[in-house]
Amino acid sequence: MLDVTQGTMGGKPFFLILQEMDGDRKLSVMIGATEAQAILIGLRGILVPRPLLCDVYISTLDTFGIKLREVIIYKVEDGVYYSSLVLEGDDGTEYIDVRTSDAVALAVRYTVPIYTVETLMVREHIYEDSNGAISIPVSSVNVSVLKEALERAVKDENYELAAQLRDEIARRADKENEKMTE
């Protein structure tokens, strides 16, 4: 199952919700408004007067006899999901790195499967309690969302959560500083 929903935080981000075929686990991937629109247009089969970029990509693949076979979501790091397109042509199979939202927009149009690795699903799936409240792993959101959640936690005097969020923000800043000094 695949769905797109709008969040409730500050800038009202969109979330791509991917549910496993034979189970209840779901992944939540934060995406932009443009990407959400492209996915929803594909899901609903809406015809647009001019092609979107994903439609141009599909036309290009078709023109050169290349088939999209599947999408693989293989990792998440600091709120960024990583995916590959599995393409098949005369020269064999190729894996192309692509943003997850773009991969899903293409998969919806081609009606090809979207897979993820089991370790990612185990670690990153969202949790839903009996009241319908949803929580997502900290690793699946970006720093701006963490900062908003930190502000809300401090305002709500939830200092234990605030400390955890502060530590995650600091860990990511340290990691970014390490990358810059390499």
# chains A, B, ... in the order shown; residues from 1 in each chain; ligands from 1
>>> select_by_dssp(residues="segment 16-120 of chain A", states="strand (DSSP E)", output="number ranges by chain")
A: 16-19, 26-31, 67-77, 80-89, 92-99, 114-116
>>> write_last_selection(atoms="C-alpha atoms", output="mmCIF file, in the first residue's frame")
data_model
loop_
_atom_site.group_PDB
_atom_site.id
_atom_site.type_symbol
_atom_site.label_atom_id
_atom_site.label_comp_id
_atom_site.auth_asym_id
_atom_site.auth_seq_id
_atom_site.Cartn_x
_atom_site.Cartn_y
_atom_site.Cartn_z
ATOM 1 C CA LEU A 16 5.081 9.147 1.828
ATOM 2 C CA ILE A 17 3.651 6.116 3.646
ATOM 3 C CA LEU A 18 4.743 2.724 2.326
ATOM 4 C CA GLN A 19 3.194 -0.409 3.850
ATOM 5 C CA LYS A 26 4.944 0.992 7.393
ATOM 6 C CA LEU A 27 7.751 3.344 6.431
ATOM 7 C CA SER A 28 7.286 7.093 6.562
ATOM 8 C CA VAL A 29 9.438 9.150 4.191
ATOM 9 C CA MET A 30 9.315 12.950 4.415
ATOM 10 C CA ILE A 31 8.999 14.494 0.931
ATOM 11 C CA LYS A 67 12.718 -0.911 -18.661
ATOM 12 C CA LEU A 68 12.308 -0.002 -15.013
ATOM 13 C CA ARG A 69 12.024 -3.346 -13.211
ATOM 14 C CA GLU A 70 11.840 -2.296 -9.549
ATOM 15 C CA VAL A 71 12.769 0.266 -6.931
ATOM 16 C CA ILE A 72 14.864 -0.612 -3.891
ATOM 17 C CA ILE A 73 14.920 1.602 -0.785
ATOM 18 C CA TYR A 74 18.124 0.505 0.899
ATOM 19 C CA LYS A 75 19.192 2.972 3.584
ATOM 20 C CA VAL A 76 18.276 6.010 5.654
ATOM 21 C CA GLU A 77 20.822 8.400 7.078
ATOM 22 C CA VAL A 80 17.441 11.022 4.062
ATOM 23 C CA TYR A 81 16.293 7.799 2.419
ATOM 24 C CA TYR A 82 18.440 6.286 -0.327
ATOM 25 C CA SER A 83 16.985 4.338 -3.233
ATOM 26 C CA SER A 84 17.990 2.698 -6.492
ATOM 27 C CA LEU A 85 16.174 2.228 -9.753
ATOM 28 C CA VAL A 86 16.761 -1.214 -11.209
ATOM 29 C CA LEU A 87 16.893 -0.677 -14.966
ATOM 30 C CA GLU A 88 17.143 -3.348 -17.640
ATOM 31 C CA GLY A 89 18.294 -2.812 -21.203
ATOM 32 C CA GLY A 92 22.024 -5.888 -18.865
ATOM 33 C CA THR A 93 20.854 -4.591 -15.508
ATOM 34 C CA GLU A 94 21.962 -1.276 -14.014
ATOM 35 C CA TYR A 95 21.333 0.258 -10.601
ATOM 36 C CA ILE A 96 20.879 4.030 -10.558
ATOM 37 C CA ASP A 97 20.969 6.040 -7.324
ATOM 38 C CA VAL A 98 17.918 8.299 -7.029
ATOM 39 C CA ARG A 99 15.901 10.231 -4.463
ATOM 40 C CA ILE A 114 8.976 -1.041 -4.472
ATOM 41 C CA TYR A 115 11.201 -3.048 -2.131
ATOM 42 C CA THR A 116 13.204 -2.286 0.956
#
>>> atom_distance(atom1="atom CA of Ala107 of chain A", atom2="atom CA of Asp22 of chain A")
19.0 Å
>>> atom_distance(atom1="atom CA of Leu106 of chain A", atom2="atom CA of Cys54 of chain A")
6.1 Å
>>> atom_distance(atom1="atom CA of Ser101 of chain A", atom2="atom CA of Met180 of chain A")
26.8 Å
>>> residues_around(residues="Gln37 of chain A", least_positions_apart="2", cutoff="12 Å", atoms="only C-alpha atoms", output="PyMOL selection string")
chain A and resi 3-6+14-16+31-35+39-46+48+52-54+101-102+104-105
>>> closest_residue(among="A:Asp156, A:Tyr110, A:Asn177, A:Val145", to="Asp62 of chain A", atoms="only C-alpha atoms")
A:Tyr110
>>> residues_around(residues="Ala162 of chain A", least_positions_apart="2", cutoff="9 Å", atoms="only C-alpha atoms", output="ChimeraX atom specification")
/A:149-154,157-160,164-167
>>> write_last_selection(atoms="C-alpha atoms", output="mmCIF file, in the first residue's frame")
data_model
loop_
_atom_site.group_PDB
_atom_site.id
_atom_site.type_symbol
_atom_site.label_atom_id
_atom_site.label_comp_id
_atom_site.auth_asym_id
_atom_site.auth_seq_id
_atom_site.Cartn_x
_atom_site.Cartn_y
_atom_site.Cartn_z
ATOM 1 C CA ALA A 149 10.150 18.861 17.988
ATOM 2 C CA LEU A 150 12.790 20.043 20.488
ATOM 3 C CA GLU A 151 11.081 23.439 20.814
ATOM 4 C CA ARG A 152 7.733 21.734 21.368
ATOM 5 C CA ALA A 153 9.203 19.320 23.941
ATOM 6 C CA VAL A 154 10.722 22.204 25.930
ATOM 7 C CA GLU A 157 8.170 20.587 29.701
ATOM 8 C CA ASN A 158 8.987 17.122 28.367
ATOM 9 C CA TYR A 159 12.656 17.441 29.293
ATOM 10 C CA GLU A 160 13.553 13.783 28.809
ATOM 11 C CA GLN A 164 17.171 13.024 23.500
ATOM 12 C CA LEU A 165 16.364 15.391 20.629
ATOM 13 C CA ARG A 166 19.182 17.757 21.644
ATOM 14 C CA ASP A 167 21.636 14.852 21.664
#
>>> closest_residue(among="A:Leu146, A:Ile169, A:Ile66, A:Leu61", to="Asp90 of chain A", atoms="only C-alpha atoms")
A:Ile66
>>> select_by_dssp(residues="segment 14-165 of chain A", states="helix (DSSP H, G or I)", output="ChimeraX atom specification")
/A:33-44,53-63,100-110,118-124,138-140,143-155,159-165
>>> closest_residue(among="A:Asp78, A:Lys147, A:Gly65, A:Glu124", to="Arg171 of chain A", atoms="only C-alpha atoms")
A:Asp78
